[in-house]
Amino acid sequence: LPEAPAPSAVRGPDQSASGLSVDVAFTASQIPRGDTAVVVDVLRATSTIVQALAAGFGSVRCCRTLEAARDLDRPGRVLAAERDCRRPPGFKLGNSPVEIAGTSGGGDQLVLATTNGSPAVVSAAQAVDKVLIGSLLNLDATVAAIPSSGRLVVVCSGTAGAPALEDVYVAGRIIERLGAELSDSARIAVCVAGAYGDPRDALAASADARQLIATQQGCDIDWCTRESTVDLVPEAAFSVGDAAVVALPNDK
Ligand code: MLT
């Protein structure tokens with residue numbers, strides 16, 4: 001591993017330059033109180049959501065289950081899902097940002113049911129008022145969209161209830177640019193971000209990347225490292241039952 005940053009590189013509460021405090025949920029099972037949440041599932045659900053809106057989908061309806069997504073099948077909606085990194089039968093699209101980038105959304109709604117990422121968006125939308133969707137694709141835009149005060153929670157989707165290296169890395173990349181008061185979890189994320197010189201190294205070191213390579217979807221790992229190539233930040237507009245609709249803020 002590359003060298004971790006010296007502890008002095010991490011800003012502490014007494015060094016905070018703003019009224020913003022930052023915490024991190026390493027999984028979506030326990031989301032701390034906050035005013036704003038940024039949900040991260042860089043491999044691949046939040047990258048897919050960001051790419052879907054960039055490709056012209058009008059909104060993305062995040063679901064907890066495949067059944068919930070199937071029930072939402074209507075004209076004007078496109079169903080996408082993933083289990084074990086593969087597209088389940090009956091769904092038009094999988095959870096691949098590369099695939100979504102080659103699709104024309106045409107204002108339709110993408111209905112997305114993934115294993116960890118889309119349920120994490122639903123959980124965050126049920127727990128926190130303002131929910132942003134973060135990834136490396138929209139890193140600059142995400143940092144710019146975070147309010148300068150209040151309590152920020154970065155929600156790492158994780159994998160099967162355990163922390164995922166790549167999500168913690170992206171959380172740290174966001175947090176290191178905020179100049180905020182940091183919880184211990186936030187400091188851990190910043191240390192992880194500082195341990196990798198190149199985003200691809202961080203993503204590729206993860207178990208989720210190995211699963212993508214094993215299923216011949218390694219191209220998505222490269223795509224998800226295309227840092228700040230998308231200048232938009234999807235935001236949860238509303239929750240309906242066990243789903244949350246995310247869109248660009250002006251489309252609310
Ligand atoms: C998930 O939500 O678990 C993921 O995004 C998995 C994947 O890479 O498809």
# chains A, B, ... in the order shown; residues from 1 in each chain; ligands from 1

call {"tool": "closest_atom_pairs", "arguments": {"of": "range 115-199 of chain A", "to": "range 32-56 of chain A", "cutoff": "6 Å", "atoms": "only C-alpha atoms", "output": "Markdown table"}}
result
| residue | atom | partner | partner_atom | distance |
| --- | --- | --- | --- | --- |
| A:Gly117 | CA | A:Ala45 | CA | 5.1 |
| A:Lys130 | CA | A:Thr36 | CA | 4.8 |
| A:Val131 | CA | A:Ala37 | CA | 4.7 |
| A:Leu132 | CA | A:Val38 | CA | 4.7 |
| A:Ile133 | CA | A:Val39 | CA | 5.2 |
| A:Gly134 | CA | A:Val40 | CA | 5.2 |
| A:Ser135 | CA | A:Val42 | CA | 5.2 |
| A:Arg151 | CA | A:Gly34 | CA | 4.8 |
| A:Leu152 | CA | A:Thr36 | CA | 4.9 |
| A:Val153 | CA | A:Ala37 | CA | 4.7 |
| A:Val154 | CA | A:Val38 | CA | 4.8 |
| A:Val155 | CA | A:Val39 | CA | 4.7 |
| A:Cys156 | CA | A:Val40 | CA | 5.1 |
| A:Ser157 | CA | A:Asp41 | CA | 5.3 |
| A:Asp167 | CA | A:Asp41 | CA | 5.8 |

call {"tool": "select_by_dssp", "arguments": {"residues": "range 43-156 of chain A", "states": "alpha helix (DSSP H)", "output": "PyMOL selection string"}}
result
chain A and resi 45-54+66-71+97-101+117-127+139-145

call {"tool": "residues_near_ligand", "arguments": {"ligand": "ligand 1", "cutoff": "7 Å", "atoms": "only C-alpha atoms and all ligand atoms", "output": "tab-separated table (two decimals) with N, CA, C and O atoms, in the first residue's frame"}}
result
chain	number	residue	atom	x	y	z
A	41	ASP	N	-22.07	4.64	-3.34
A	41	ASP	CA	-21.83	3.23	-3.71
A	41	ASP	C	-21.09	3.29	-5.04
A	41	ASP	O	-21.68	3.09	-6.10
A	43	LEU	N	-18.96	1.53	-6.59
A	43	LEU	CA	-19.05	0.32	-7.43
A	43	LEU	C	-20.34	-0.41	-7.07
A	43	LEU	O	-20.35	-1.28	-6.23
A	44	ARG	N	-21.49	-0.13	-7.78
A	44	ARG	CA	-21.56	0.80	-8.85
A	44	ARG	C	-22.82	1.67	-8.80
A	44	ARG	O	-23.05	2.48	-9.68
A	45	ALA	N	-23.68	1.46	-7.80
A	45	ALA	CA	-25.04	2.02	-7.90
A	45	ALA	C	-25.08	3.54	-8.00
A	45	ALA	O	-25.82	4.09	-8.82
A	82	GLU	N	-29.61	-5.49	-10.36
A	82	GLU	CA	-28.38	-6.28	-10.21
A	82	GLU	C	-28.53	-7.23	-9.04
A	82	GLU	O	-29.08	-6.87	-7.99
A	83	ARG	N	-28.11	-8.45	-9.22
A	83	ARG	CA	-27.87	-9.38	-8.12
A	83	ARG	C	-26.58	-10.12	-8.42
A	83	ARG	O	-26.39	-10.58	-9.56
A	84	ASP	N	-25.69	-10.21	-7.44
A	84	ASP	CA	-24.37	-10.80	-7.65
A	84	ASP	C	-23.67	-10.16	-8.86
A	84	ASP	O	-23.00	-10.84	-9.65
A	85	CYS	N	-23.88	-8.86	-9.00
A	85	CYS	CA	-23.27	-8.06	-10.08
A	85	CYS	C	-23.84	-8.36	-11.47
A	85	CYS	O	-23.33	-7.83	-12.46
A	86	ARG	N	-24.87	-9.20	-11.56
A	86	ARG	CA	-25.42	-9.53	-12.88
A	86	ARG	C	-26.84	-9.01	-13.02
A	86	ARG	O	-27.55	-8.83	-12.03
A	95	ASN	N	-26.68	-2.97	-13.77
A	95	ASN	CA	-26.26	-1.84	-12.93
A	95	ASN	C	-24.90	-1.33	-13.41
A	95	ASN	O	-24.00	-1.14	-12.62
A	96	SER	N	-24.79	-1.15	-14.73
A	96	SER	CA	-23.49	-0.80	-15.29
A	96	SER	C	-23.49	0.64	-15.79
A	96	SER	O	-24.24	0.99	-16.71
A	114	THR	N	-30.71	-2.49	-6.78
A	114	THR	CA	-29.42	-3.16	-6.62
A	114	THR	C	-29.35	-3.75	-5.21
A	114	THR	O	-30.22	-3.51	-4.38
A	115	THR	N	-28.30	-4.50	-4.96
A	115	THR	CA	-28.22	-5.23	-3.69
A	115	THR	C	-28.01	-4.28	-2.51
A	115	THR	O	-28.69	-4.39	-1.49
A	116	ASN	N	-27.08	-3.36	-2.64
A	116	ASN	CA	-26.72	-2.49	-1.51
A	116	ASN	C	-26.99	-1.00	-1.76
A	116	ASN	O	-27.47	-0.29	-0.88
A	117	GLY	N	-26.67	-0.54	-2.95
A	117	GLY	CA	-26.71	0.90	-3.21
A	117	GLY	C	-28.09	1.50	-3.23
A	117	GLY	O	-28.35	2.52	-2.56
A	118	SER	N	-29.01	0.91	-3.99
A	118	SER	CA	-30.34	1.53	-4.06
A	118	SER	C	-31.07	1.43	-2.71
A	118	SER	O	-31.72	2.40	-2.29
A	159	THR	N	-21.12	-3.51	1.55
A	159	THR	CA	-21.48	-4.73	0.82
A	159	THR	C	-21.93	-5.77	1.82
A	159	THR	O	-21.18	-6.13	2.72
A	208	ASP	N	-15.25	-5.89	-4.09
A	208	ASP	CA	-16.29	-5.66	-5.10
A	208	ASP	C	-15.68	-5.56	-6.50
A	208	ASP	O	-16.28	-6.00	-7.48
A	212	LEU	N	-16.48	-7.81	-9.90
A	212	LEU	CA	-16.76	-7.25	-11.24
A	212	LEU	C	-15.84	-7.87	-12.29
A	212	LEU	O	-16.27	-8.17	-13.40

call {"tool": "closest_residue", "arguments": {"among": "A:Thr142, A:Gln217, A:Gln126, A:Gln211", "to": "Val240 in chain A", "atoms": "only C-alpha atoms"}}
result
A:Gln126

call {"tool": "residues_around", "arguments": {"residues": "Ser239 in chain A", "least_positions_apart": "6", "cutoff": "12 Å", "atoms": "only C-alpha atoms", "output": "list in words"}}
result
Val60, Arg61, Cys62, Cys63, Arg64, Pro119, Val121, Val122, Ser123, Ala124, Ala125, Gln126, Ala127, Val128, Asp129, Lys130, Val131, Val245, Val246 and Ala247 of chain A

call {"tool": "select_by_dssp", "arguments": {"residues": "range 112-170 of chain A", "states": "strand (DSSP E or B)", "output": "list in words"}}
result
Leu112, Ala113, Lys130, Val131, Leu132, Ile133, Gly134, Ser149, Gly150, Arg151, Leu152, Val153, Val154, Val155, Cys156, Thr159 and Ala162 of chain A

call {"tool": "closest_residue", "arguments": {"among": "A:Ile221, A:Ala209, A:Val22, A:Leu112", "to": "Gly179 in chain A", "atoms": "only C-alpha atoms"}}
result
A:Val22

call {"tool": "closest_residue", "arguments": {"among": "A:Val230, A:Pro89, A:Ala160, A:Arg173", "to": "Gly197 in chain A", "atoms": "only C-alpha atoms"}}
result
A:Arg173

call {"tool": "residues_around", "arguments": {"residues": "Leu93 in chain A", "least_positions_apart": "6", "cutoff": "7 Å", "atoms": "only C-alpha atoms", "output": "list of chain:residue names"}}
result
A:Leu79, A:Ala80, A:Ala81, A:Arg87

call {"tool": "write_last_selection", "arguments": {"atoms": "N, CA, C and O atoms", "output": "PDB file, in the first residue's frame"}}
result
ATOM      1  N   LEU A  79     -36.602  -0.585 -16.432  1.00  0.00           N
ATOM      2  CA  LEU A  79     -36.211  -1.348 -15.241  1.00  0.00           C
ATOM      3  C   LEU A  79     -34.750  -1.795 -15.318  1.00  0.00           C
ATOM      4  O   LEU A  79     -34.323  -2.381 -16.325  1.00  0.00           O
ATOM      5  N   ALA A  80     -34.007  -1.527 -14.256  1.00  0.00           N
ATOM      6  CA  ALA A  80     -32.597  -1.931 -14.177  1.00  0.00           C
ATOM      7  C   ALA A  80     -32.360  -2.575 -12.814  1.00  0.00           C
ATOM      8  O   ALA A  80     -32.941  -2.148 -11.817  1.00  0.00           O
ATOM      9  N   ALA A  81     -31.529  -3.590 -12.785  1.00  0.00           N
ATOM     10  CA  ALA A  81     -31.273  -4.245 -11.498  1.00  0.00           C
ATOM     11  C   ALA A  81     -29.979  -5.049 -11.547  1.00  0.00           C
ATOM     12  O   ALA A  81     -29.388  -5.255 -12.614  1.00  0.00           O
ATOM     13  N   ARG A  87     -27.269  -8.828 -14.263  1.00  0.00           N
ATOM     14  CA  ARG A  87     -28.647  -8.391 -14.530  1.00  0.00           C
ATOM     15  C   ARG A  87     -29.594  -9.566 -14.316  1.00  0.00           C
ATOM     16  O   ARG A  87     -29.428 -10.615 -14.944  1.00  0.00           O
TER      17      ARG A  87
END

call {"tool": "atom_distance", "arguments": {"atom1": "CA of Gly218 in chain A", "atom2": "CA of Phe57 in chain A"}}
result
24.3 Å

call {"tool": "residues_around", "arguments": {"residues": "range 146-148 of chain A", "least_positions_apart": "5", "cutoff": "8 Å", "atoms": "only C-alpha atoms", "output": "list in words"}}
result
Ser18, Gly19, Leu20 and Thr36 of chain A

call {"tool": "closest_residue", "arguments": {"among": "A:Asp220, A:Asn250, A:Tyr196, A:Val190", "to": "Pro97 in chain A", "atoms": "only C-alpha atoms"}}
result
A:Asp220
